[in-house]
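K.L.:
For reference, the file start-v3.cif (mmCIF, C-alpha atoms and all ligand atoms) is included below:
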data_protein
loop_
_atom_site.label_atom_id
_atom_site.label_comp_id
_atom_site.auth_asym_id
_atom_site.auth_seq_id
_atom_site.Cartn_x
_atom_site.Cartn_y
_atom_site.Cartn_z
CA MET B 174 24.69 -6.97 -0.82
CA ASN B 175 21.15 -6.75 0.63
CA THR B 176 18.45 -5.28 -1.57
CA THR B 177 16.10 -3.05 0.38
CA THR B 178 13.15 -0.87 -0.36
CA LEU B 179 13.03 2.50 1.35
CA TYR B 180 9.79 4.05 2.62
CA LEU B 181 9.58 7.70 3.75
CA HIS B 182 6.43 8.64 5.65
CA ILE B 183 5.28 12.26 5.26
CA PRO B 184 2.63 12.67 7.98
CA TYR B 185 0.72 15.79 6.87
CA CYS B 186 -2.59 16.23 5.06
CA LYS B 187 -4.71 19.19 3.98
CA GLN B 188 -7.79 17.75 5.65
CA ALA B 189 -8.87 14.53 7.32
CA CYS B 190 -10.69 12.02 5.11
CA HIS B 191 -13.55 10.46 7.05
CA TYR B 192 -12.39 6.86 6.61
CA CYS B 193 -8.68 7.29 7.26
CA ASP B 194 -6.78 5.72 10.14
CA PHE B 195 -3.24 6.28 8.78
CA HIS B 196 -0.84 8.36 10.79
CA PHE B 197 -1.19 12.00 9.67
CA SER B 198 -1.80 15.47 11.04
CA THR B 199 -3.48 18.53 9.54
CA GLN B 200 -1.28 20.74 11.77
CA ARG B 201 2.01 21.53 10.05
CA SER B 202 3.79 23.23 12.97
CA THR B 203 6.13 20.22 13.46
CA GLU B 204 6.99 19.86 9.77
CA ALA B 205 10.51 21.38 9.78
CA ALA B 206 11.49 19.41 12.89
CA VAL B 207 10.09 16.14 11.47
CA VAL B 208 11.94 16.56 8.14
CA LYS B 209 15.14 17.31 10.06
CA ALA B 210 14.63 14.19 12.19
CA MET B 211 14.05 12.12 9.01
CA HIS B 212 17.46 13.23 7.71
CA ALA B 213 19.00 12.20 11.04
CA GLU B 214 17.19 8.85 11.01
CA LEU B 215 18.37 8.13 7.45
CA ALA B 216 21.98 8.86 8.46
CA LYS B 217 21.69 6.68 11.58
CA ARG B 218 20.11 3.67 9.85
CA ALA B 219 22.61 3.79 6.96
CA GLN B 220 25.35 3.07 9.51
CA GLN B 221 23.47 0.27 11.30
CA GLU B 222 23.11 -3.43 10.58
CA PRO B 223 21.21 -4.81 8.70
CA TRP B 224 20.82 -1.66 6.56
CA LYS B 225 24.49 -0.76 6.25
CA GLY B 226 25.66 -1.23 2.66
CA SER B 227 22.11 -2.01 1.40
CA ARG B 228 21.25 -1.47 -2.23
CA ILE B 229 17.98 0.42 -2.76
CA ASN B 230 15.72 -0.73 -5.60
CA SER B 231 12.80 1.54 -4.81
CA LEU B 232 12.11 4.63 -2.73
CA TYR B 233 8.51 5.39 -1.87
CA PHE B 234 7.12 8.62 -0.38
CA GLY B 235 3.89 7.64 1.40
CA GLY B 236 1.70 9.34 3.94
CA GLY B 237 -0.15 11.40 4.77
CA THR B 238 0.16 13.44 1.61
CA PRO B 239 3.76 13.62 0.36
CA SER B 240 2.75 15.84 -2.60
CA PHE B 241 1.86 18.43 0.05
CA LEU B 242 5.54 18.70 1.13
CA ALA B 243 7.68 21.51 -0.30
CA VAL B 244 9.60 20.28 -3.33
CA ALA B 245 12.91 21.42 -1.78
CA ASP B 246 12.26 19.07 1.17
CA LEU B 247 11.46 16.16 -1.16
CA ALA B 248 14.60 16.86 -3.22
CA GLN B 249 16.81 17.01 -0.14
CA LEU B 250 15.43 13.75 1.24
CA ILE B 251 16.08 12.00 -2.10
CA ALA B 252 19.60 13.46 -2.29
CA LYS B 253 20.32 12.40 1.28
CA ALA B 254 19.14 8.82 0.65
CA GLN B 255 21.18 8.64 -2.57
CA ALA B 256 24.28 9.89 -0.74
CA LEU B 257 23.91 7.32 2.05
CA PHE B 258 22.89 4.19 0.13
CA SER B 259 23.77 2.76 -3.27
CA PHE B 260 20.76 2.94 -5.60
CA ASN B 261 20.07 0.56 -8.47
CA THR B 262 20.35 2.53 -11.71
CA ALA B 263 16.69 1.84 -12.51
CA ALA B 264 15.47 2.46 -8.94
CA GLU B 265 11.82 3.49 -8.88
CA ILE B 266 11.10 6.68 -6.90
CA THR B 267 7.38 6.98 -6.21
CA LEU B 268 5.50 9.97 -4.80
CA GLU B 269 1.98 9.59 -3.41
CA ALA B 270 0.11 12.62 -4.72
CA ASN B 271 -3.40 13.91 -4.27
CA PRO B 272 -5.20 15.18 -7.39
CA ASP B 273 -5.46 18.76 -6.10
CA ASP B 274 -1.65 18.97 -5.77
CA ILE B 275 -1.06 17.83 -9.35
CA THR B 276 -0.37 20.71 -11.75
CA PRO B 277 1.76 20.85 -14.93
CA GLU B 278 4.35 22.87 -12.96
CA ASN B 279 4.51 20.36 -10.09
CA LEU B 280 4.81 17.44 -12.52
CA GLU B 281 7.82 19.12 -14.17
CA THR B 282 9.42 19.92 -10.81
CA TRP B 283 8.87 16.45 -9.32
CA HIS B 284 10.34 14.91 -12.49
CA SER B 285 13.36 17.23 -12.28
CA ILE B 286 14.19 16.03 -8.73
CA GLY B 287 14.08 12.35 -9.72
CA ILE B 288 10.47 11.22 -9.09
CA THR B 289 9.83 8.42 -11.63
CA ARG B 290 6.36 7.27 -10.59
CA LEU B 291 3.21 8.73 -9.01
CA SER B 292 0.59 7.02 -6.88
CA ILE B 293 -2.54 9.16 -7.10
CA GLY B 294 -5.19 9.19 -4.37
CA LEU B 295 -8.01 9.70 -6.87
CA GLN B 296 -10.64 7.42 -5.24
CA SER B 297 -13.62 8.53 -7.36
CA PHE B 298 -14.83 10.71 -10.25
CA ASN B 299 -18.07 11.43 -8.41
CA ASN B 300 -18.43 14.69 -6.45
CA ARG B 301 -21.02 13.34 -4.04
CA GLU B 302 -18.77 10.38 -3.18
CA LEU B 303 -15.68 12.56 -2.77
CA GLN B 304 -17.54 15.00 -0.53
CA SER B 305 -19.06 12.21 1.57
CA MET B 306 -15.50 10.98 2.31
CA ASN B 307 -14.25 14.54 2.96
CA ARG B 308 -11.60 14.30 0.27
CA ALA B 309 -9.76 17.58 -0.41
CA HIS B 310 -10.30 17.31 -4.19
CA ASP B 311 -13.38 17.29 -6.39
CA ALA B 312 -14.33 15.43 -9.58
CA SER B 313 -12.82 18.14 -11.82
CA HIS B 314 -9.42 17.59 -10.13
CA SER B 315 -9.78 13.81 -10.70
CA VAL B 316 -10.19 14.34 -14.45
CA GLN B 317 -7.79 17.24 -14.83
CA CYS B 318 -4.87 15.53 -13.09
CA LEU B 319 -5.08 12.51 -15.41
CA GLU B 320 -5.11 14.79 -18.45
CA TRP B 321 -2.08 16.69 -17.20
CA ILE B 322 -0.24 13.45 -16.45
CA ALA B 323 -0.95 12.19 -19.99
CA ASP B 324 0.89 15.25 -21.34
CA GLY B 325 3.51 15.43 -18.60
CA PRO B 326 6.96 13.97 -17.97
CA ILE B 327 5.95 11.24 -15.45
CA ARG B 328 3.96 8.64 -17.39
CA ASN B 329 4.40 5.77 -14.95
CA TYR B 330 1.65 6.06 -12.35
CA SER B 331 -0.89 4.23 -10.26
CA VAL B 332 -4.44 5.31 -9.42
CA ASP B 333 -6.09 4.52 -6.08
CA PHE B 334 -9.78 3.90 -6.66
CA MET B 335 -12.44 2.93 -4.15
CA TYR B 336 -15.61 0.82 -4.24
CA GLY B 337 -18.12 0.06 -1.50
CA ILE B 338 -18.63 3.81 -0.98
CA PRO B 339 -21.95 4.76 0.72
CA GLY B 340 -24.63 5.39 -1.90
CA SER B 341 -22.73 3.53 -4.64
CA THR B 342 -24.32 0.72 -6.65
CA VAL B 343 -22.95 -1.79 -9.16
CA GLU B 344 -24.18 0.53 -11.94
CA SER B 345 -22.58 3.66 -10.52
CA TRP B 346 -19.31 1.74 -9.97
CA THR B 347 -19.39 0.48 -13.57
CA ARG B 348 -19.79 4.08 -14.77
CA GLN B 349 -16.71 5.02 -12.72
CA LEU B 350 -14.72 2.22 -14.36
CA ASP B 351 -15.92 3.30 -17.82
CA GLN B 352 -14.63 6.80 -17.10
CA LEU B 353 -11.29 5.36 -15.95
CA ALA B 354 -11.04 3.38 -19.22
CA THR B 355 -10.49 6.72 -21.03
CA TYR B 356 -7.11 6.98 -19.30
CA LEU B 357 -6.11 3.34 -18.61
CA PRO B 358 -3.54 4.05 -15.88
CA PRO B 359 -0.50 1.75 -16.01
CA HIS B 360 -1.35 0.51 -12.51
CA LEU B 361 -4.49 0.44 -10.37
CA SER B 362 -5.00 -0.09 -6.64
CA CYS B 363 -8.71 -0.64 -5.98
CA TYR B 364 -9.85 -0.96 -2.38
CA ALA B 365 -13.21 -1.63 -0.80
CA LEU B 366 -13.93 1.17 1.66
CA THR B 367 -13.35 -0.25 5.14
CA VAL B 368 -14.70 1.12 8.39
CA GLU B 369 -11.88 1.60 10.88
CA GLU B 370 -12.45 2.41 14.53
CA LYS B 371 -11.87 5.99 15.71
CA THR B 372 -12.76 7.46 12.31
CA VAL B 373 -15.64 9.79 11.45
CA LEU B 374 -16.98 7.09 9.12
CA TYR B 375 -17.07 4.61 12.02
CA HIS B 376 -19.16 6.99 14.14
CA ASN B 377 -21.44 7.87 11.23
CA VAL B 378 -22.07 4.19 10.44
CA ARG B 379 -22.69 3.35 14.11
CA SER B 380 -25.08 6.27 14.57
CA GLY B 381 -26.97 5.36 11.38
CA LYS B 382 -26.06 8.66 9.67
CA THR B 383 -24.23 6.69 6.95
CA THR B 384 -25.25 3.36 5.43
CA LEU B 385 -22.76 1.20 3.58
CA PRO B 386 -23.74 -0.85 0.53
CA SER B 387 -24.67 -4.45 1.35
CA ASP B 388 -22.02 -7.20 1.20
CA GLU B 389 -23.74 -8.53 -1.95
CA VAL B 390 -23.32 -5.16 -3.69
CA ILE B 391 -19.65 -4.92 -2.62
CA VAL B 392 -18.89 -8.43 -3.91
CA ALA B 393 -20.70 -7.63 -7.18
CA GLN B 394 -18.64 -4.43 -7.50
CA PHE B 395 -15.46 -6.49 -7.01
CA GLU B 396 -16.59 -8.96 -9.69
CA ALA B 397 -17.40 -6.08 -12.07
CA LEU B 398 -13.92 -4.70 -11.40
CA ARG B 399 -12.23 -8.05 -12.14
CA ALA B 400 -14.13 -8.47 -15.40
CA TRP B 401 -13.46 -4.86 -16.48
CA ALA B 402 -9.74 -5.08 -15.60
CA SER B 403 -9.32 -8.30 -17.55
CA GLU B 404 -11.03 -6.76 -20.62
CA GLN B 405 -8.73 -3.74 -20.37
CA GLY B 406 -5.57 -5.88 -20.33
CA TYR B 407 -4.69 -5.62 -16.64
CA THR B 408 -3.16 -8.48 -14.68
CA HIS B 409 -4.86 -8.91 -11.32
CA TYR B 410 -1.74 -9.76 -9.36
CA GLU B 411 -2.82 -9.02 -5.80
CA LEU B 412 -6.20 -8.75 -4.08
CA SER B 413 -6.34 -4.96 -4.61
CA ASN B 414 -3.75 -4.43 -7.35
CA PHE B 415 -3.87 -4.54 -11.15
CA ALA B 416 -1.05 -3.84 -13.59
CA GLN B 417 -0.62 -3.31 -17.30
CA PRO B 418 2.28 -5.45 -18.66
CA ASP B 419 5.57 -4.66 -16.86
CA LYS B 420 3.90 -2.01 -14.67
CA TYR B 421 3.78 -3.95 -11.41
CA SER B 422 4.52 -1.83 -8.34
CA ARG B 423 8.12 -2.63 -7.50
CA HIS B 424 7.68 -1.25 -3.99
CA ASN B 425 4.63 -3.36 -3.13
CA SER B 426 5.95 -6.48 -4.85
CA HIS B 427 9.05 -6.19 -2.67
CA TYR B 428 6.85 -6.20 0.47
CA TRP B 429 4.78 -9.12 -0.70
CA SER B 430 7.82 -11.25 -1.47
CA GLY B 431 9.06 -10.78 2.12
CA GLN B 432 12.16 -8.72 1.23
CA PRO B 433 13.61 -6.29 3.82
CA TYR B 434 12.27 -2.74 3.95
CA LEU B 435 13.44 0.31 5.82
CA GLY B 436 10.81 2.82 6.97
CA ILE B 437 11.78 6.38 7.89
CA GLY B 438 9.50 8.97 9.51
CA PRO B 439 6.74 9.01 12.15
CA GLY B 440 4.79 5.74 12.29
CA ALA B 441 7.01 4.02 9.69
CA HIS B 442 7.82 0.31 10.12
CA SER B 443 10.95 -1.62 9.13
CA PHE B 444 11.55 -5.33 8.60
CA CYS B 445 14.72 -7.33 7.92
CA GLY B 446 13.47 -10.88 7.44
CA LYS B 447 13.17 -11.85 11.12
CA LYS B 448 12.95 -8.63 13.12
CA ARG B 449 10.50 -5.71 12.97
CA TRP B 450 10.87 -2.10 14.18
CA TRP B 451 8.22 0.62 14.39
CA ASN B 452 8.60 4.37 14.85
CA VAL B 453 6.30 6.27 17.18
CA SER B 454 3.11 7.55 15.50
CA ASN B 455 3.45 11.02 16.99
CA ASN B 456 5.17 13.85 15.11
CA THR B 457 6.46 15.73 18.16
CA LEU B 458 7.83 12.62 19.88
CA TYR B 459 9.40 11.44 16.63
CA ALA B 460 11.13 14.79 16.14
CA GLN B 461 12.46 14.49 19.70
CA GLY B 462 14.04 11.13 18.85
CA ALA B 463 11.66 8.73 20.65
CA GLU B 464 12.75 5.11 21.27
CA VAL B 465 12.16 2.67 18.40
CA PRO B 466 10.73 -0.60 19.80
CA SER B 467 11.39 -3.85 17.95
CA GLU B 468 10.40 -7.51 18.08
CA GLU B 469 11.98 -10.75 16.88
CA LEU B 470 9.55 -12.85 14.89
CA THR B 471 9.26 -16.55 15.75
CA LEU B 472 9.17 -19.15 12.97
CA ILE B 473 5.40 -19.46 13.56
CA ASP B 474 4.95 -15.67 13.24
CA LEU B 475 6.95 -15.73 10.01
CA LEU B 476 4.98 -18.62 8.55
CA ASN B 477 1.61 -17.03 9.46
CA GLU B 478 2.71 -13.71 8.03
CA ARG B 479 3.87 -15.30 4.78
CA LEU B 480 0.56 -17.17 4.46
CA MET B 481 -1.30 -13.89 5.00
CA VAL B 482 0.67 -11.91 2.44
CA ARG B 483 1.38 -14.53 -0.25
CA LEU B 484 -2.17 -15.86 -0.45
CA ARG B 485 -3.45 -12.44 -1.45
CA THR B 486 -1.26 -12.62 -4.54
CA ALA B 487 -1.67 -14.53 -7.80
CA LYS B 488 1.65 -16.27 -7.17
CA GLY B 489 0.39 -17.76 -3.90
CA PHE B 490 2.40 -19.69 -1.30
CA LEU B 491 5.35 -21.80 -2.46
CA TRP B 492 6.48 -24.68 -0.24
CA GLU B 493 10.12 -24.45 -1.24
CA SER B 494 10.75 -20.74 -0.72
CA ASP B 495 8.03 -19.60 1.70
CA VAL B 496 8.38 -22.09 4.57
CA PRO B 497 10.77 -20.51 7.10
CA PHE B 498 14.03 -22.42 7.47
CA GLY B 499 13.98 -24.67 10.55
CA MET B 500 10.18 -24.92 10.79
CA ASP B 501 8.97 -27.85 12.93
CA PRO B 502 7.75 -30.60 10.50
CA THR B 503 4.83 -31.50 12.80
CA LEU B 504 3.50 -27.94 12.64
CA LEU B 505 4.01 -27.87 8.90
CA GLU B 506 2.00 -31.08 8.59
CA HIS B 507 -0.86 -29.24 10.33
CA VAL B 508 -0.77 -26.62 7.53
CA ARG B 509 -0.66 -29.34 4.85
CA GLN B 510 -3.78 -30.99 6.33
CA SER B 511 -5.63 -27.66 6.50
CA VAL B 512 -4.63 -26.92 2.89
CA LYS B 513 -6.09 -30.28 1.78
CA LYS B 514 -9.39 -29.54 3.53
CA SER B 515 -9.71 -26.12 1.90
CA GLU B 516 -8.74 -27.57 -1.49
CA ALA B 517 -11.49 -30.19 -1.17
CA ILE B 518 -14.15 -27.44 -0.98
CA GLY B 519 -12.57 -25.37 -3.76
CA LEU B 520 -11.22 -22.52 -1.64
CA LEU B 521 -7.60 -23.32 -2.52
CA LYS B 522 -6.00 -24.46 -5.73
CA CYS B 523 -2.94 -26.70 -5.23
CA SER B 524 -0.01 -27.70 -7.38
CA GLU B 525 3.19 -29.57 -6.54
CA LYS B 526 4.93 -26.28 -5.85
CA GLY B 527 2.36 -24.64 -3.61
CA PHE B 528 -1.18 -23.29 -3.42
CA THR B 529 -3.24 -20.19 -4.25
CA ILE B 530 -6.69 -18.82 -3.53
CA PRO B 531 -8.70 -18.66 -6.79
CA PRO B 532 -9.22 -14.91 -7.55
CA GLU B 533 -13.02 -15.25 -7.28
CA TYR B 534 -12.50 -16.03 -3.56
CA TRP B 535 -9.97 -13.27 -2.86
CA MET B 536 -12.69 -11.19 -1.17
CA GLN B 537 -12.92 -13.98 1.43
CA SER B 538 -9.15 -14.35 1.76
CA ASP B 539 -8.99 -13.30 5.45
CA ALA B 540 -11.28 -16.17 6.50
CA ILE B 541 -9.63 -18.71 4.17
CA ILE B 542 -6.12 -17.82 5.38
CA ALA B 543 -7.14 -17.83 9.05
CA GLU B 544 -8.00 -21.56 8.69
CA LEU B 545 -4.34 -22.24 7.83
CA PHE B 546 -2.70 -20.32 10.64
CA ILE B 547 -0.70 -22.06 13.33
CA SER B 548 -1.45 -20.84 16.84
CA PRO B 549 1.47 -18.82 18.31
CA ASP B 550 1.26 -21.13 21.36
CA ALA B 551 1.73 -24.31 19.30
CA ASP B 552 5.52 -24.38 19.79
S1 LIG A 1 -5.21 12.20 2.17
FE1 LIG A 1 -4.70 10.04 2.55
S2 LIG A 1 -3.56 9.99 4.48
FE2 LIG A 1 -4.53 12.03 4.32
S3 LIG A 1 -6.43 11.81 5.49
FE3 LIG A 1 -6.91 11.38 3.33
S4 LIG A 1 -6.67 9.13 3.09
FE4 LIG A 1 -5.67 9.74 5.03
#
Give the structure from the file, written as structure tokens.
Ligand code: SF4
P.N.:
Amino acid sequence: MNTTTLYLHIPYCKQACHYCDFHFSTQRSTEAAVVKAMHAELAKRAQQEPWKGSRINSLYFGGGTPSFLAVADLAQLIAKAQALFSFNTAAEITLEANPDDITPENLETWHSIGITRLSIGLQSFNNRELQSMNRAHDASHSVQCLEWIADGPIRNYSVDFMYGIPGSTVESWTRQLDQLATYLPPHLSCYALTVEEKTVLYHNVRSGKTTLPSDEVIVAQFEALRAWASEQGYTHYELSNFAQPDKYSRHNSHYWSGQPYLGIGPGAHSFCGKKRWWNVSNNTLYAQGAEVPSEELTLIDLLNERLMVRLRTAKGFLWESDVPFGMDPTLLEHVRQSVKKSEAIGLLKCSEKGFTIPPEYWMQSDAIIAELFISPDAD
């Protein structure tokens, strides 16, 4: 029986954060129709190969802002998924939640409908930083939600935290980490703020209204984060992810190990090991049942993708399990030669089993991995 992770995309937010390029809308007029279409999509996929008969080991509500959705809708989506698929008894059910939606009452209700883990879009404890990113919550929400969680029924949670924010320094970032040490979340996802096209941040940076910290400051913030996390007992297991013992994100680890995932909802993607599908990123068209395009991945695509994902993890790339079956030995030799060159200048660490990027170079992982890629035209 296939093991699959299930992702449900809830595409609504209270307001638009200035850096965000995810699929979401602040207009909720399509909400009932989208939720109805998600039920229909779940029922359809459960009857189709390769998802038919899959066992679910984690269900993840992402977005958008899933904590913004009515609890009855969340409960019905969970019940529908559980009725259609067999769930592992210890299946993790994660809800992405924004701090301003977290209250003692909501924590009790989410727990009562089967949510076992929260992923909190906290980002910062600093009001100026939160306002500059147009987050819907303020610093008091950031603190209050962690205190309520400490006393509440869902103790397994992850905090999203951001560095590289305009106006931040290594000192201000260190103060943020010190504040976080009071709570020591079981899991942390720390991202450098990135400037994506078609966002308010992009226009503000281009027009000079906003200035980002220098690359040197961002790298120093990352180094401060690594040192702090190690002192606090976290394992740095992926470029942006840190876990206390046994608190790895099951959902993300499933993605990174190349396992199949089924995505439901507008903009959600699915993958079964060699084929990829993607839903339309438009709520109205999704509710109307728009076509779902797909593509078959070539062996070169698969190898490049595995290099990209595995080399951002502490486990790295393993020759035995990560080379796609049937890969042309000549092309593989090209990768081996590139690996040797990068090892010689210290950017890769090799063993008999495979190779990793030393964590101090993870910030440069895109460039290091790009050197190993095989051109899609090489076949
Ligand atoms: S809450 Fe999340 S998904 Fe919504 S706009 Fe902000 S960053 Fe994007």
K.L.:
Nearest residue to ligand LIG 1 (chain A) out of B:Ala254, B:Ile293, B:Ala205, B:Ile322, using all atoms listed in the file?
P.N.:
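Once distances to ligand LIG 1 (chain A) are computed over all atoms listed in the file, the minimum belongs to B:Ile293.
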K.L.:
Looking at all atoms listed in the file, which of B:Ile391, B:Ala189, B:Leu491, B:Leu303 is the one that sits closest to ligand LIG 1 (chain A)?
P.N.:
B:Ala189
K.L.:
Go through B:Glu468, B:Glu533, B:Glu369, B:Asp311 one by one, measure the shortest atom-to-atom distance of each to Phe395 (chain B) using all atoms listed in the file, and give the residue with the smallest value.
P.N.:
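Checking each of B:Glu468, B:Glu533, B:Glu369, B:Asp311 against Phe395 (chain B), counting all atoms listed in the file, the winner is B:Glu533.
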K.L.:
Could you list, as a list in words, all residues that come within 6 Å of ligand LIG 1 (chain A)? Count all atoms listed in the file.
P.N.:
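Written in the requested form, the residues are Cys186, Ala189, Cys190, Cys193, Phe195, Gly236, Gly237 and Thr238 of chain B.
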K.L.:
What is the CA of Gln510 (chain B) to CA of Gln432 (chain B) distance in Å?
P.N.:
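Computed distance, CA of Gln510 (chain B) to CA of Gln432 (chain B), equals 27.9 Å.
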K.L.:
Take region 285-312 of chain B from the preceding structure and save N, CA and C atoms as a JSON list (two decimals), in the first residue's frame.
P.N.:
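What landed in result20.json:
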[["chain", "number", "residue", "atom", "x", "y", "z"],
["B", 285, "SER", "N", -10.26, 19.29, 19.36],
["B", 285, "SER", "CA", -11.42, 18.38, 19.41],
["B", 285, "SER", "C", -11.76, 17.81, 18.02],
["B", 286, "ILE", "N", -11.34, 18.49, 16.95],
["B", 286, "ILE", "CA", -11.66, 17.95, 15.61],
["B", 286, "ILE", "C", -10.49, 17.14, 15.03],
["B", 287, "GLY", "N", -9.43, 16.96, 15.83],
["B", 287, "GLY", "CA", -8.35, 16.06, 15.40],
["B", 287, "GLY", "C", -7.06, 16.72, 14.99],
["B", 288, "ILE", "N", -6.96, 18.07, 15.10],
["B", 288, "ILE", "CA", -5.67, 18.73, 14.77],
["B", 288, "ILE", "C", -4.65, 18.32, 15.84],
["B", 289, "THR", "N", -3.48, 17.81, 15.38],
["B", 289, "THR", "CA", -2.47, 17.35, 16.36],
["B", 289, "THR", "C", -1.25, 18.26, 16.39],
["B", 290, "ARG", "N", -1.16, 19.17, 15.41],
["B", 290, "ARG", "CA", 0.06, 19.99, 15.32],
["B", 290, "ARG", "C", -0.30, 21.33, 14.70],
["B", 291, "LEU", "N", 0.37, 22.40, 15.16],
["B", 291, "LEU", "CA", 0.16, 23.73, 14.57],
["B", 291, "LEU", "C", 1.44, 24.20, 13.92],
["B", 292, "SER", "N", 1.31, 24.97, 12.85],
["B", 292, "SER", "CA", 2.46, 25.64, 12.25],
["B", 292, "SER", "C", 2.11, 27.12, 12.27],
["B", 293, "ILE", "N", 2.81, 27.88, 13.10],
["B", 293, "ILE", "CA", 2.39, 29.25, 13.40],
["B", 293, "ILE", "C", 3.19, 30.29, 12.61],
["B", 294, "GLY", "N", 2.49, 31.12, 11.86],
["B", 294, "GLY", "CA", 3.14, 32.16, 11.07],
["B", 294, "GLY", "C", 3.51, 33.35, 11.93],
["B", 295, "LEU", "N", 4.43, 33.16, 12.85],
["B", 295, "LEU", "CA", 4.75, 34.20, 13.85],
["B", 295, "LEU", "C", 5.66, 35.30, 13.27],
["B", 296, "GLN", "N", 6.70, 34.88, 12.58],
["B", 296, "GLN", "CA", 7.64, 35.73, 11.82],
["B", 296, "GLN", "C", 8.51, 36.65, 12.67],
["B", 297, "SER", "N", 7.94, 37.33, 13.68],
["B", 297, "SER", "CA", 8.75, 38.28, 14.44],
["B", 297, "SER", "C", 8.04, 38.64, 15.74],
["B", 298, "PHE", "N", 8.83, 39.12, 16.73],
["B", 298, "PHE", "CA", 8.24, 39.66, 17.97],
["B", 298, "PHE", "C", 8.27, 41.19, 17.93],
["B", 299, "ASN", "N", 8.68, 41.76, 16.80],
["B", 299, "ASN", "CA", 8.93, 43.19, 16.74],
["B", 299, "ASN", "C", 7.82, 43.89, 15.94],
["B", 300, "ASN", "N", 7.14, 44.83, 16.59],
["B", 300, "ASN", "CA", 6.00, 45.50, 15.93],
["B", 300, "ASN", "C", 6.38, 46.23, 14.65],
["B", 301, "ARG", "N", 7.53, 46.89, 14.68],
["B", 301, "ARG", "CA", 7.94, 47.63, 13.47],
["B", 301, "ARG", "C", 8.13, 46.66, 12.30],
["B", 302, "GLU", "N", 8.77, 45.51, 12.59],
["B", 302, "GLU", "CA", 9.01, 44.52, 11.52],
["B", 302, "GLU", "C", 7.68, 43.95, 11.02],
["B", 303, "LEU", "N", 6.79, 43.62, 11.95],
["B", 303, "LEU", "CA", 5.50, 43.03, 11.55],
["B", 303, "LEU", "C", 4.70, 44.01, 10.70],
["B", 304, "GLN", "N", 4.72, 45.28, 11.12],
["B", 304, "GLN", "CA", 3.97, 46.30, 10.36],
["B", 304, "GLN", "C", 4.60, 46.50, 8.98],
["B", 305, "SER", "N", 5.93, 46.49, 8.93],
["B", 305, "SER", "CA", 6.59, 46.75, 7.64],
["B", 305, "SER", "C", 6.26, 45.65, 6.63],
["B", 306, "MET", "N", 5.91, 44.45, 7.13],
["B", 306, "MET", "CA", 5.58, 43.33, 6.23],
["B", 306, "MET", "C", 4.06, 43.22, 6.02],
["B", 307, "ASN", "N", 3.31, 44.13, 6.68],
["B", 307, "ASN", "CA", 1.84, 44.12, 6.62],
["B", 307, "ASN", "C", 1.24, 42.82, 7.14],
["B", 308, "ARG", "N", 1.85, 42.28, 8.21],
["B", 308, "ARG", "CA", 1.26, 41.12, 8.85],
["B", 308, "ARG", "C", -0.02, 41.55, 9.58],
["B", 309, "ALA", "N", -0.97, 40.63, 9.72],
["B", 309, "ALA", "CA", -2.25, 40.96, 10.35],
["B", 309, "ALA", "C", -2.13, 40.98, 11.88],
["B", 310, "HIS", "N", -1.03, 40.43, 12.43],
["B", 310, "HIS", "CA", -0.91, 40.39, 13.89],
["B", 310, "HIS", "C", 0.18, 41.36, 14.37],
["B", 311, "ASP", "N", 0.16, 41.62, 15.68],
["B", 311, "ASP", "CA", 1.21, 42.48, 16.24],
["B", 311, "ASP", "C", 2.03, 41.67, 17.26],
["B", 312, "ALA", "N", 3.02, 42.34, 17.87],
["B", 312, "ALA", "CA", 3.95, 41.64, 18.77],
["B", 312, "ALA", "C", 3.22, 41.03, 19.96]]
